[in-house]
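Chemist: Got a file for you: target22.csv, CSV, C-alpha atoms.
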```csv
chain,number,residue,atom,x,y,z
A,1,MET,CA,0.0,0.0,0.0
A,2,PHE,CA,1.0,3.6,-0.5
A,3,ASN,CA,1.3,6.0,2.4
A,4,ASN,CA,-1.1,8.6,1.0
A,5,LYS,CA,-4.7,9.0,-0.1
A,6,ASN,CA,-4.0,9.4,-3.8
A,7,GLU,CA,-5.9,7.5,-6.5
A,8,THR,CA,-3.9,4.5,-7.7
A,9,ILE,CA,-3.6,3.6,-11.4
A,10,LEU,CA,-2.4,0.2,-12.6
A,11,LEU,CA,0.1,0.4,-15.5
A,12,THR,CA,1.1,-2.7,-17.4
A,13,GLY,CA,4.3,-3.3,-19.3
A,14,CYS,CA,6.0,-0.1,-18.3
A,15,ALA,CA,9.5,-1.4,-18.2
A,16,GLY,CA,9.3,-1.4,-22.0
A,17,PHE,CA,9.8,1.4,-24.4
A,18,ILE,CA,6.7,3.5,-24.4
A,19,GLY,CA,5.7,2.8,-20.8
A,20,SER,CA,9.1,3.7,-19.4
A,21,ASN,CA,8.8,7.1,-21.1
A,22,PHE,CA,5.3,7.5,-19.8
A,23,VAL,CA,5.9,6.8,-16.1
A,24,PRO,CA,8.4,9.6,-15.4
A,25,TYR,CA,6.4,12.0,-17.5
A,26,PHE,CA,3.2,11.1,-15.6
A,27,LEU,CA,4.8,11.2,-12.1
A,28,GLU,CA,6.3,14.6,-12.8
A,29,LYS,CA,3.1,16.1,-14.2
A,30,TYR,CA,0.6,14.7,-11.5
A,31,SER,CA,1.2,14.6,-7.8
A,32,ASN,CA,-2.3,13.1,-7.1
A,33,TYR,CA,-1.7,9.6,-8.5
A,34,ASN,CA,0.1,6.5,-7.3
A,35,LEU,CA,1.4,4.2,-10.1
A,36,VAL,CA,1.7,0.4,-9.9
A,37,ASN,CA,3.7,-1.0,-12.7
A,38,LEU,CA,3.1,-4.6,-13.5
A,39,ASP,CA,5.7,-6.1,-15.9
A,40,LEU,CA,6.9,-9.6,-16.6
A,41,LEU,CA,10.3,-8.3,-17.6
A,42,THR,CA,10.5,-10.4,-20.8
A,43,TYR,CA,13.4,-9.6,-23.1
A,44,ALA,CA,11.7,-6.3,-24.0
A,45,GLY,CA,11.4,-5.0,-20.4
A,46,ASP,CA,14.3,-3.5,-18.5
A,47,LEU,CA,14.1,-1.9,-15.1
A,48,ASN,CA,17.2,0.2,-16.0
A,49,ASN,CA,14.7,2.2,-18.1
A,50,LEU,CA,13.0,3.4,-14.8
A,51,VAL,CA,15.9,4.1,-12.5
A,52,GLU,CA,14.8,7.7,-12.1
A,53,CYS,CA,11.5,6.5,-10.7
A,54,GLU,CA,12.4,3.5,-8.4
A,55,ASN,CA,12.7,5.6,-5.2
A,56,ASN,CA,9.6,7.7,-5.9
A,57,PRO,CA,7.1,7.0,-3.0
A,58,ARG,CA,4.2,7.2,-5.5
A,59,TYR,CA,5.6,4.4,-7.7
A,60,LYS,CA,5.6,0.7,-7.1
A,61,PHE,CA,7.0,-2.1,-9.4
A,62,ILE,CA,5.6,-5.6,-9.4
A,63,LYS,CA,7.1,-8.4,-11.5
A,64,GLY,CA,4.3,-10.5,-12.9
A,65,ASP,CA,2.2,-11.6,-15.8
A,66,ILE,CA,-1.1,-10.2,-17.0
A,67,CYS,CA,-2.1,-13.7,-17.7
A,68,ASN,CA,-2.0,-14.5,-14.0
A,69,ARG,CA,-5.5,-13.8,-12.9
A,70,GLU,CA,-4.9,-14.4,-9.2
A,71,LEU,CA,-2.1,-11.8,-9.2
A,72,LEU,CA,-4.3,-9.3,-11.0
A,73,GLU,CA,-7.1,-9.8,-8.5
A,74,PHE,CA,-4.6,-9.4,-5.6
A,75,ILE,CA,-3.2,-6.1,-7.1
A,76,PHE,CA,-6.7,-4.6,-7.6
A,77,SER,CA,-7.7,-5.5,-4.0
A,78,GLU,CA,-4.4,-4.6,-2.3
A,79,TYR,CA,-3.9,-1.3,-4.0
A,80,ASP,CA,-7.6,-0.4,-4.6
A,81,ILE,CA,-7.0,0.2,-8.3
A,82,LYS,CA,-9.1,3.0,-9.8
A,83,GLY,CA,-7.7,3.2,-13.3
A,84,VAL,CA,-5.8,1.0,-15.8
A,85,ILE,CA,-3.5,2.1,-18.6
A,86,HIS,CA,-2.6,-1.1,-20.5
A,87,PHE,CA,0.7,-1.0,-22.4
A,88,ALA,CA,1.8,-4.6,-22.0
A,89,ALA,CA,2.1,-6.5,-25.3
A,90,GLU,CA,4.3,-8.6,-27.4
A,91,SER,CA,5.0,-6.2,-30.2
A,92,HIS,CA,7.8,-7.3,-32.6
A,93,VAL,CA,6.4,-8.4,-35.9
A,94,ASP,CA,9.3,-10.7,-36.8
A,95,ASN,CA,8.9,-12.5,-33.5
A,96,SER,CA,5.2,-13.0,-34.2
A,97,ILE,CA,6.0,-14.7,-37.4
A,98,LYS,CA,8.3,-17.1,-35.7
A,99,ASN,CA,6.1,-17.8,-32.6
A,100,PRO,CA,2.5,-16.6,-33.0
A,101,GLY,CA,1.3,-18.4,-29.9
A,102,VAL,CA,3.1,-16.1,-27.4
A,103,PHE,CA,1.4,-13.1,-29.0
A,104,ILE,CA,-2.1,-14.7,-28.7
A,105,GLN,CA,-1.4,-15.6,-25.1
A,106,THR,CA,-0.2,-12.2,-24.0
A,107,ASN,CA,-2.1,-9.8,-26.2
A,108,VAL,CA,-5.4,-11.6,-26.3
A,109,ASN,CA,-5.7,-13.7,-23.2
A,110,GLY,CA,-3.8,-11.2,-21.1
A,111,THR,CA,-5.9,-8.3,-22.2
A,112,TYR,CA,-9.1,-10.3,-21.5
A,113,ASN,CA,-7.9,-11.2,-18.0
A,114,LEU,CA,-7.0,-7.6,-17.2
A,115,VAL,CA,-10.3,-6.0,-18.4
A,116,ASP,CA,-12.4,-8.8,-16.8
A,117,VAL,CA,-10.8,-8.4,-13.4
A,118,ALA,CA,-11.2,-4.6,-13.7
A,119,LYS,CA,-14.9,-5.1,-14.5
A,120,ASN,CA,-15.5,-7.4,-11.6
A,121,TYR,CA,-13.7,-5.1,-9.2
A,122,TRP,CA,-15.4,-1.9,-10.3
A,123,MET,CA,-18.9,-2.9,-11.3
A,124,GLU,CA,-22.0,-4.3,-9.5
A,125,LYS,CA,-23.5,-5.6,-12.7
A,126,PRO,CA,-23.6,-4.6,-16.4
A,127,PHE,CA,-23.9,-0.8,-16.8
A,128,LEU,CA,-23.8,-0.2,-13.0
A,129,TYR,CA,-20.5,0.8,-11.4
A,130,LYS,CA,-20.0,0.5,-7.6
A,131,GLU,CA,-20.4,4.0,-6.1
A,132,GLU,CA,-16.7,4.4,-5.1
A,133,TYR,CA,-15.5,3.3,-8.6
A,134,ILE,CA,-18.0,5.3,-10.8
A,135,ASN,CA,-15.2,7.3,-12.6
A,136,CYS,CA,-12.8,4.4,-13.1
A,137,ARG,CA,-11.4,4.0,-16.6
A,138,PHE,CA,-9.6,1.3,-18.6
A,139,HIS,CA,-7.3,2.7,-21.3
A,140,HIS,CA,-6.1,0.2,-23.9
A,141,ILE,CA,-2.9,1.0,-25.9
A,142,SER,CA,-3.0,-0.4,-29.5
A,143,THR,CA,-1.4,0.1,-32.9
A,144,ASP,CA,-2.1,1.3,-36.4
A,145,GLU,CA,-1.1,-2.1,-37.7
A,146,VAL,CA,-4.7,-3.4,-36.9
A,147,TYR,CA,-5.8,-1.5,-40.0
A,148,GLY,CA,-3.6,-3.4,-42.4
A,149,THR,CA,-1.8,-1.6,-45.2
A,150,LEU,CA,-2.5,1.5,-47.3
A,151,GLY,CA,-1.9,2.3,-51.0
A,152,GLU,CA,0.1,5.3,-52.1
A,153,THR,CA,-2.6,7.7,-50.8
A,154,GLY,CA,-5.1,7.9,-47.9
A,155,LEU,CA,-4.8,7.8,-44.1
A,156,PHE,CA,-6.1,5.5,-41.4
A,157,THR,CA,-9.0,7.0,-39.5
A,158,GLU,CA,-10.9,5.6,-36.5
A,159,LYS,CA,-13.5,4.3,-38.9
A,160,THR,CA,-11.0,2.4,-41.2
A,161,PRO,CA,-12.0,-1.3,-41.2
A,162,TYR,CA,-9.7,-3.7,-39.4
A,163,ALA,CA,-7.5,-5.8,-41.7
A,164,PRO,CA,-4.5,-7.1,-39.8
A,165,ASN,CA,-1.9,-8.9,-41.8
A,166,SER,CA,0.6,-10.3,-39.2
A,167,PRO,CA,0.0,-12.5,-36.2
A,168,TYR,CA,1.1,-9.5,-34.1
A,169,SER,CA,-1.5,-7.1,-35.6
A,170,ALA,CA,-4.1,-9.8,-35.5
A,171,SER,CA,-3.5,-10.3,-31.8
A,172,LYS,CA,-3.8,-6.5,-31.2
A,173,ALA,CA,-7.0,-6.3,-33.3
A,174,SER,CA,-8.4,-9.1,-31.2
A,175,SER,CA,-7.6,-7.3,-28.0
A,176,ASP,CA,-9.2,-4.1,-29.3
A,177,MET,CA,-12.4,-6.1,-30.1
A,178,ILE,CA,-12.4,-7.5,-26.5
A,179,ILE,CA,-12.2,-4.0,-25.1
A,180,ARG,CA,-15.0,-2.9,-27.4
A,181,SER,CA,-17.2,-5.8,-26.3
A,182,TYR,CA,-16.8,-4.8,-22.6
A,183,VAL,CA,-18.0,-1.3,-23.5
A,184,GLU,CA,-21.0,-2.6,-25.4
A,185,THR,CA,-22.0,-5.6,-23.3
A,186,PHE,CA,-21.1,-4.4,-19.8
A,187,GLY,CA,-21.1,-0.6,-20.1
A,188,MET,CA,-17.4,-0.3,-19.0
A,189,ASN,CA,-15.7,3.0,-19.2
A,190,CYS,CA,-13.0,2.1,-21.7
A,191,VAL,CA,-11.0,4.0,-24.3
A,192,ILE,CA,-8.6,2.8,-27.0
A,193,THR,CA,-5.7,4.6,-28.7
A,194,ASN,CA,-4.1,3.3,-31.8
A,195,CYS,CA,-0.6,4.8,-32.5
A,196,SER,CA,1.8,5.0,-35.4
A,197,ASN,CA,5.4,3.9,-35.2
A,198,ASN,CA,7.1,5.3,-32.1
A,199,TYR,CA,10.7,6.3,-31.8
A,200,GLY,CA,12.8,8.0,-29.2
A,201,PRO,CA,14.9,7.2,-26.0
A,202,LYS,CA,14.8,3.7,-24.4
A,203,GLN,CA,13.5,1.8,-27.5
A,204,HIS,CA,14.5,-1.9,-27.6
A,205,ASN,CA,17.6,-2.8,-29.7
A,206,GLU,CA,15.5,-5.0,-32.1
A,207,LYS,CA,13.6,-2.1,-33.6
A,208,LEU,CA,14.5,-0.3,-36.8
A,209,ILE,CA,16.0,3.0,-35.5
A,210,PRO,CA,18.1,1.6,-32.7
A,211,THR,CA,19.3,-1.1,-35.1
A,212,ILE,CA,20.4,1.5,-37.6
A,213,ILE,CA,22.3,3.6,-35.0
A,214,ARG,CA,23.9,0.6,-33.3
A,215,ASN,CA,25.1,-1.1,-36.4
A,216,ALA,CA,26.4,2.1,-37.9
A,217,LEU,CA,28.4,2.9,-34.7
A,218,ASN,CA,29.8,-0.7,-34.8
A,219,GLU,CA,30.4,-0.4,-38.5
A,220,ASN,CA,28.3,-3.5,-39.2
A,221,PRO,CA,26.0,-3.9,-42.1
A,222,ILE,CA,22.7,-1.9,-41.7
A,223,PRO,CA,19.9,-4.3,-42.8
A,224,ILE,CA,17.0,-2.9,-44.7
A,225,TYR,CA,14.1,-5.1,-45.8
A,226,GLY,CA,13.2,-5.4,-49.5
A,227,ASP,CA,13.6,-2.3,-51.5
A,228,GLY,CA,13.5,0.0,-48.4
A,229,LYS,CA,10.4,1.8,-49.7
A,230,ASN,CA,8.0,0.6,-47.0
A,231,ILE,CA,6.5,3.8,-45.5
A,232,ARG,CA,5.7,4.4,-41.8
A,233,ASP,CA,4.3,7.4,-40.0
A,234,TRP,CA,6.7,8.2,-37.1
A,235,LEU,CA,5.7,9.5,-33.7
A,236,TYR,CA,8.1,10.8,-31.1
A,237,VAL,CA,7.5,8.8,-27.9
A,238,LEU,CA,6.9,11.7,-25.6
A,239,ASP,CA,4.3,13.1,-27.9
A,240,HIS,CA,2.6,9.7,-27.7
A,241,CYS,CA,2.7,9.8,-23.9
A,242,LYS,CA,1.0,13.3,-24.0
A,243,GLY,CA,-1.7,11.9,-26.2
A,244,ILE,CA,-2.3,8.9,-23.9
A,245,ASP,CA,-2.5,11.4,-21.0
A,246,LEU,CA,-5.2,13.5,-22.8
A,247,VAL,CA,-7.3,10.5,-23.8
A,248,TYR,CA,-7.1,8.9,-20.4
A,249,HIS,CA,-8.4,12.0,-18.7
A,250,ASN,CA,-10.6,13.6,-21.3
A,251,GLY,CA,-11.5,11.1,-24.0
A,252,ASN,CA,-15.1,10.0,-24.4
A,253,LYS,CA,-16.2,6.6,-23.1
A,254,GLY,CA,-16.1,3.9,-25.7
A,255,GLU,CA,-14.2,5.9,-28.2
A,256,THR,CA,-11.0,5.2,-30.2
A,257,TYR,CA,-8.4,7.9,-30.9
A,258,ASN,CA,-5.6,7.6,-33.4
A,259,ILE,CA,-2.3,9.1,-32.4
A,260,GLY,CA,0.1,9.8,-35.3
A,261,GLY,CA,2.9,12.1,-36.0
A,262,ARG,CA,2.2,13.2,-39.6
A,263,ASN,CA,5.8,12.2,-40.4
A,264,GLU,CA,5.7,9.7,-43.2
A,265,ARG,CA,9.1,8.3,-44.2
A,266,THR,CA,10.3,5.3,-46.2
A,267,ASN,CA,12.7,3.1,-44.4
A,268,LEU,CA,15.4,4.2,-46.8
A,269,GLN,CA,14.7,7.8,-45.9
A,270,ILE,CA,15.1,6.9,-42.2
A,271,VAL,CA,18.4,5.2,-42.6
A,272,ASN,CA,19.8,7.9,-44.9
A,273,THR,CA,18.8,10.7,-42.4
A,274,ILE,CA,20.3,8.8,-39.5
A,275,CYS,CA,23.5,8.2,-41.4
A,276,GLU,CA,23.8,11.8,-42.4
A,277,ILE,CA,23.4,13.0,-38.8
A,278,LEU,CA,25.9,10.4,-37.5
A,279,ASP,CA,28.4,11.5,-40.2
A,280,LYS,CA,28.3,15.0,-38.6
A,281,GLU,CA,28.1,14.0,-34.9
A,282,PHE,CA,30.5,11.0,-34.9
A,283,PRO,CA,32.2,10.5,-38.3
A,284,SER,CA,33.3,7.0,-39.2
A,285,LYS,CA,37.0,6.3,-39.1
A,286,ASN,CA,36.9,3.8,-41.9
A,287,LYS,CA,34.2,5.1,-44.3
A,288,SER,CA,33.3,8.3,-46.0
A,289,SER,CA,29.7,7.9,-44.9
A,290,TYR,CA,27.8,5.4,-42.8
A,291,LYS,CA,25.5,5.0,-45.8
A,292,GLU,CA,28.1,2.6,-47.2
A,293,LEU,CA,26.9,0.1,-44.6
A,294,ILE,CA,23.3,0.0,-45.9
A,295,THR,CA,22.5,-3.6,-46.9
A,296,PHE,CA,19.3,-4.8,-48.5
A,297,VAL,CA,18.0,-8.1,-47.2
A,298,GLU,CA,15.1,-10.4,-48.0
A,299,ASP,CA,11.8,-8.8,-47.3
A,300,ARG,CA,9.8,-9.8,-44.2
A,301,ALA,CA,6.8,-12.1,-44.8
A,302,GLY,CA,3.5,-10.2,-44.9
A,303,HIS,CA,5.3,-6.8,-44.8
A,304,ASP,CA,2.7,-4.0,-45.0
A,305,ARG,CA,3.7,-1.4,-47.5
A,306,ARG,CA,2.4,1.8,-45.9
A,307,TYR,CA,0.9,3.0,-42.7
A,308,ALA,CA,-0.2,6.6,-42.0
A,309,ILE,CA,-2.5,7.9,-39.4
A,310,ASP,CA,-5.1,10.7,-39.5
A,311,ALA,CA,-5.0,12.2,-35.9
A,312,THR,CA,-7.7,14.9,-36.7
A,313,LYS,CA,-10.1,13.5,-34.1
A,314,LEU,CA,-7.6,13.7,-31.3
A,315,GLU,CA,-6.4,17.1,-32.4
A,316,SER,CA,-9.9,18.6,-32.9
A,317,GLU,CA,-11.7,17.0,-29.9
A,318,LEU,CA,-8.9,17.1,-27.3
A,319,GLY,CA,-6.5,19.7,-28.6
A,320,TRP,CA,-3.5,17.3,-29.0
A,321,LYS,CA,-0.6,18.4,-31.2
A,322,ALA,CA,2.8,16.7,-31.7
A,323,ASP,CA,5.6,18.9,-30.3
A,324,GLU,CA,8.3,17.2,-32.4
A,325,ASN,CA,8.5,16.7,-36.1
A,326,PHE,CA,10.7,13.9,-37.4
A,327,ASP,CA,13.7,16.2,-38.0
A,328,THR,CA,13.8,17.5,-34.4
A,329,GLY,CA,12.8,14.2,-32.8
A,330,ILE,CA,15.4,12.1,-34.6
A,331,VAL,CA,18.2,14.4,-33.5
A,332,LYS,CA,17.1,14.0,-29.9
A,333,THR,CA,16.9,10.3,-30.3
A,334,ILE,CA,20.3,9.9,-31.9
A,335,LYS,CA,22.0,12.0,-29.2
A,336,TRP,CA,20.3,9.9,-26.5
A,337,TYR,CA,21.7,6.7,-28.1
A,338,LEU,CA,25.2,8.3,-28.5
A,339,SER,CA,25.2,9.0,-24.8
A,340,LYS,CA,24.0,5.4,-24.0
A,341,TYR,CA,26.8,3.9,-26.1
A,342,GLY,CA,29.4,6.2,-24.5
A,343,VAL,CA,30.1,8.3,-27.5
A,344,TYR,CA,28.9,11.4,-25.6
A,345,LYS,CA,30.1,11.5,-22.0
```
Re-express the file's structure as structure tokens.
Modeler:
Amino acid sequence: MFNNKNETILLTGCAGFIGSNFVPYFLEKYSNYNLVNLDLLTYAGDLNNLVECENNPRYKFIKGDICNRELLEFIFSEYDIKGVIHFAAESHVDNSIKNPGVFIQTNVNGTYNLVDVAKNYWMEKPFLYKEEYINCRFHHISTDEVYGTLGETGLFTEKTPYAPNSPYSASKASSDMIIRSYVETFGMNCVITNCSNNYGPKQHNEKLIPTIIRNALNENPIPIYGDGKNIRDWLYVLDHCKGIDLVYHNGNKGETYNIGGRNERTNLQIVNTICEILDKEFPSKNKSSYKELITFVEDRAGHDRRYAIDATKLESELGWKADENFDTGIVKTIKWYLSKYGVYK
């Protein structure tokens, strides 16, 4: 238990990339919340991401699995949970191709366990909250990949039909549908946010941008799938955190909000931009440019060609606006990694 009368929110998966940026942001902005972070610490979770929070009296870490229903029930009861922000997910597409079952277990079954325990703790019966939990909210963090792929034009909106193309995106689409069903069937106060590709500090090494930076600095080949022309909309992670904050506090019950950076880039543009910045910040000793390391590799199975999000609903209804464009955000990101790898002291 916490030694104060603050409302306590359960966060899941916040030793990972987005969550570990969200926790310090949220703790600093709000003094009236306690945060319980439940994370299994799989390969993608690292408590070193949260060293700045570990001694905060309003923060508690619990190692555990969202698939463990007894643990979830204990946490809700022990900490009197009055809100959930659900980050925890298996998220690497390549891994979902190799081992889909893990993604179904965590993203589908784990989400079901979490929302069902929340419903039972907060509600008397369908459409009737217990008096002391009447304002409790469940916020589910999802992805633009549930919408499938786009052609050369157009944007994903909240009304775009779901068409997931990988086991990862299918598992996230399934979890979104579970949350929707708890709104429609039980009257739960849930919201969903679907975000575009995040980048920034603390991202796991397996992802595209950290891989480019790490391989360049080590002067190893920089692998790019296919022809490098797959397009993603890039969102700086702190801008995403601010969007989550807005939707959790002000979003309308049962609604979905897309969060996108309006920063479309091909993978080839991404790698070229990073190499150009590194050429200036930390020139290679052996090559005229890090671009010489770019290596095209066999394309990923089911590789979606283009994602791009229309964030108009979030911008117009809740006043959200990204503070970073890609050109400013990528410089901050590269400098963070240069510090991490000891290039900057």
Chemist: Ranking A:Ile97, A:Ile104, A:Val51, A:Val183 by minimum distance to Pro126 in chain A and counting all atoms listed in the file, which one comes first?
Modeler: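 Nearest candidate to Pro126 in chain A out of A:Ile97, A:Ile104, A:Val51, A:Val183: A:Val183.
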Chemist: So what do you get for CA of Val84 in chain A versus CA of Ile9 in chain A, distance-wise?
Modeler: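 Computing the Euclidean distance for CA of Val84 in chain A and CA of Ile9 in chain A yields 5.6 Å.
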Chemist: Mind checking which residues fall within 10 Å of Lys285 in chain A, counting all atoms listed in the file, ignoring those fewer than 4 positions away in the same chain, and posting them as a CSV table (one decimal) with C-alpha atoms, in the frame of the given file?
Modeler:
```
chain,number,residue,atom,x,y,z
A,219,GLU,CA,30.4,-0.4,-38.5
A,289,SER,CA,29.7,7.9,-44.9
A,290,TYR,CA,27.8,5.4,-42.8
```
Chemist: Which one of A:Ile244, A:Cys195, A:Ala308, A:Ala301 sits closest to Lys98 in chain A if you count all atoms listed in the file?
Modeler: A:Ala301
Chemist: Please report, as a Markdown table, each residue of range 198-236 of chain A lying at most 12 Å from range 256-259 of chain A, together with the nearest pair of atoms and the separation in Å rounded to one decimal; use all atoms listed in the file, and order rows by chain and ascending residue number.
Modeler:
```
| residue | atom | partner | partner_atom | distance |
| --- | --- | --- | --- | --- |
| A:Asn198 | CA | A:Ile259 | CA | 10.1 |
| A:Asp233 | CA | A:Ile259 | CA | 10.2 |
| A:Trp234 | CA | A:Ile259 | CA | 10.2 |
| A:Leu235 | CA | A:Ile259 | CA | 8.1 |
| A:Tyr236 | CA | A:Ile259 | CA | 10.6 |
```
Chemist: List the neighbours of Pro24 in chain A out to 8 Å using only C-alpha atoms; skip same-chain residues closer than 3 positions along the sequence, and give me the result as a PDB file with C-alpha atoms, in the coordinates of the input.
Modeler:
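Output contents, as saved in around11.pdb:
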```
ATOM      1  CA  SER A  20       9.100   3.700 -19.400  1.00  0.00           C
ATOM      2  CA  ASN A  21       8.800   7.100 -21.100  1.00  0.00           C
ATOM      3  CA  LEU A  27       4.800  11.200 -12.100  1.00  0.00           C
ATOM      4  CA  GLU A  28       6.300  14.600 -12.800  1.00  0.00           C
ATOM      5  CA  LEU A  50      13.000   3.400 -14.800  1.00  0.00           C
ATOM      6  CA  GLU A  52      14.800   7.700 -12.100  1.00  0.00           C
ATOM      7  CA  CYS A  53      11.500   6.500 -10.700  1.00  0.00           C
TER       8      CYS A  53
END
```
Chemist: Quick one: pull the distance between CA of His139 in chain A and CA of His86 in chain A, Å, one decimal.
Modeler: 6.1 Å
Chemist: Would you mind reading off the distance between CA of Glu158 in chain A and CA of Ile81 in chain A, one decimal, in Å?
Modeler: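 Result for CA of Glu158 in chain A versus CA of Ile81 in chain A: 29.0 Å, one decimal.
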Chemist: List the neighbours of Arg262 in chain A out to 10 Å using all atoms listed in the file; skip same-chain residues closer than 2 positions along the sequence, and give me the result as a PyMOL selection string.
Modeler: chain A and resi 155+196+232-235+259-260+264-265+308-311+322+325-326
Chemist: Counting all atoms listed in the file, find the residues whose atoms lie at most 12 Å from (-9.6, -17.4, -12.2) (file coordinates) and write them out as a PDB file with C-alpha atoms, keeping the file's coordinate frame.
Modeler:
```pdb
ATOM      1  CA  CYS A  67      -2.100 -13.700 -17.700  1.00  0.00           C
ATOM      2  CA  ASN A  68      -2.000 -14.500 -14.000  1.00  0.00           C
ATOM      3  CA  ARG A  69      -5.500 -13.800 -12.900  1.00  0.00           C
ATOM      4  CA  GLU A  70      -4.900 -14.400  -9.200  1.00  0.00           C
ATOM      5  CA  LEU A  71      -2.100 -11.800  -9.200  1.00  0.00           C
ATOM      6  CA  LEU A  72      -4.300  -9.300 -11.000  1.00  0.00           C
ATOM      7  CA  GLU A  73      -7.100  -9.800  -8.500  1.00  0.00           C
ATOM      8  CA  PHE A  74      -4.600  -9.400  -5.600  1.00  0.00           C
ATOM      9  CA  TYR A 112      -9.100 -10.300 -21.500  1.00  0.00           C
ATOM     10  CA  ASN A 113      -7.900 -11.200 -18.000  1.00  0.00           C
ATOM     11  CA  LEU A 114      -7.000  -7.600 -17.200  1.00  0.00           C
ATOM     12  CA  ASP A 116     -12.400  -8.800 -16.800  1.00  0.00           C
ATOM     13  CA  VAL A 117     -10.800  -8.400 -13.400  1.00  0.00           C
ATOM     14  CA  ASN A 120     -15.500  -7.400 -11.600  1.00  0.00           C
TER      15      ASN A 120
END
```
Chemist: Env of Glu292 in chain A: 9 Å cut, atoms = all atoms listed in the file, seq-sep filter 5 positions within chain, self excluded. Answer as a ChimeraX atom specification.
Modeler: /A:221-222,287
Chemist: Counting only C-alpha atoms, write as number ranges by chain all protein and nucleic acid residues lying at most 6 Å from (-5.4, 2.9, -39.7) in the file's frame.
Modeler: A: 144, 147, 156-157, 160, 309
Chemist: Between A:Glu184, A:Glu206, A:Asp299, A:Asp176, single out the one closest to Lys229 in chain A, counting only C-alpha atoms.
Modeler: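 Nearest to Lys229 in chain A: A:Asp299.
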Chemist: Using only C-alpha atoms, which of the listed residues (A:Gly302, A:Pro223, A:Gly200, A:Gly110) sits closest to Lys172 in chain A?
Modeler: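 Of the candidates, the smallest distance to Lys172 in chain A is held by A:Gly110.
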Chemist: Ranking A:His303, A:Asn6, A:Gly329, A:Phe87 by minimum distance to Pro57 in chain A and counting only C-alpha atoms, which one comes first?
Modeler: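 Ranking A:His303, A:Asn6, A:Gly329, A:Phe87 by distance to Pro57 in chain A, first place goes to A:Asn6.
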Chemist: Give the answer as one residue: which of A:Lys242, A:Arg180, A:Lys159, A:Arg300 has the shortest atom-to-atom distance to Gly228 in chain A, using all atoms listed in the file?
Modeler: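 Of A:Lys242, A:Arg180, A:Lys159, A:Arg300, the one nearest Gly228 in chain A is A:Arg300, counting all atoms listed in the file.
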Chemist: Skip range 88-91 of chain A itself and residues of its chain fewer than 3 positions away, then list as a PyMOL selection string all residues within 6 Å of it, counting all atoms listed in the file.
Modeler: chain A and resi 12-13+103+107
Chemist: Once you have the residues from the selection above, write them out as a short mmCIF file (atom, residue, chain, number, x, y, z; two decimals), in the coordinates of the input, restricted to C-alpha atoms.
Modeler:
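The file below, part.cif, is the result:
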```cif
data_model
loop_
_atom_site.label_atom_id
_atom_site.label_comp_id
_atom_site.auth_asym_id
_atom_site.auth_seq_id
_atom_site.Cartn_x
_atom_site.Cartn_y
_atom_site.Cartn_z
CA THR A 12 1.10 -2.70 -17.40
CA GLY A 13 4.30 -3.30 -19.30
CA PHE A 103 1.40 -13.10 -29.00
CA ASN A 107 -2.10 -9.80 -26.20
#
```
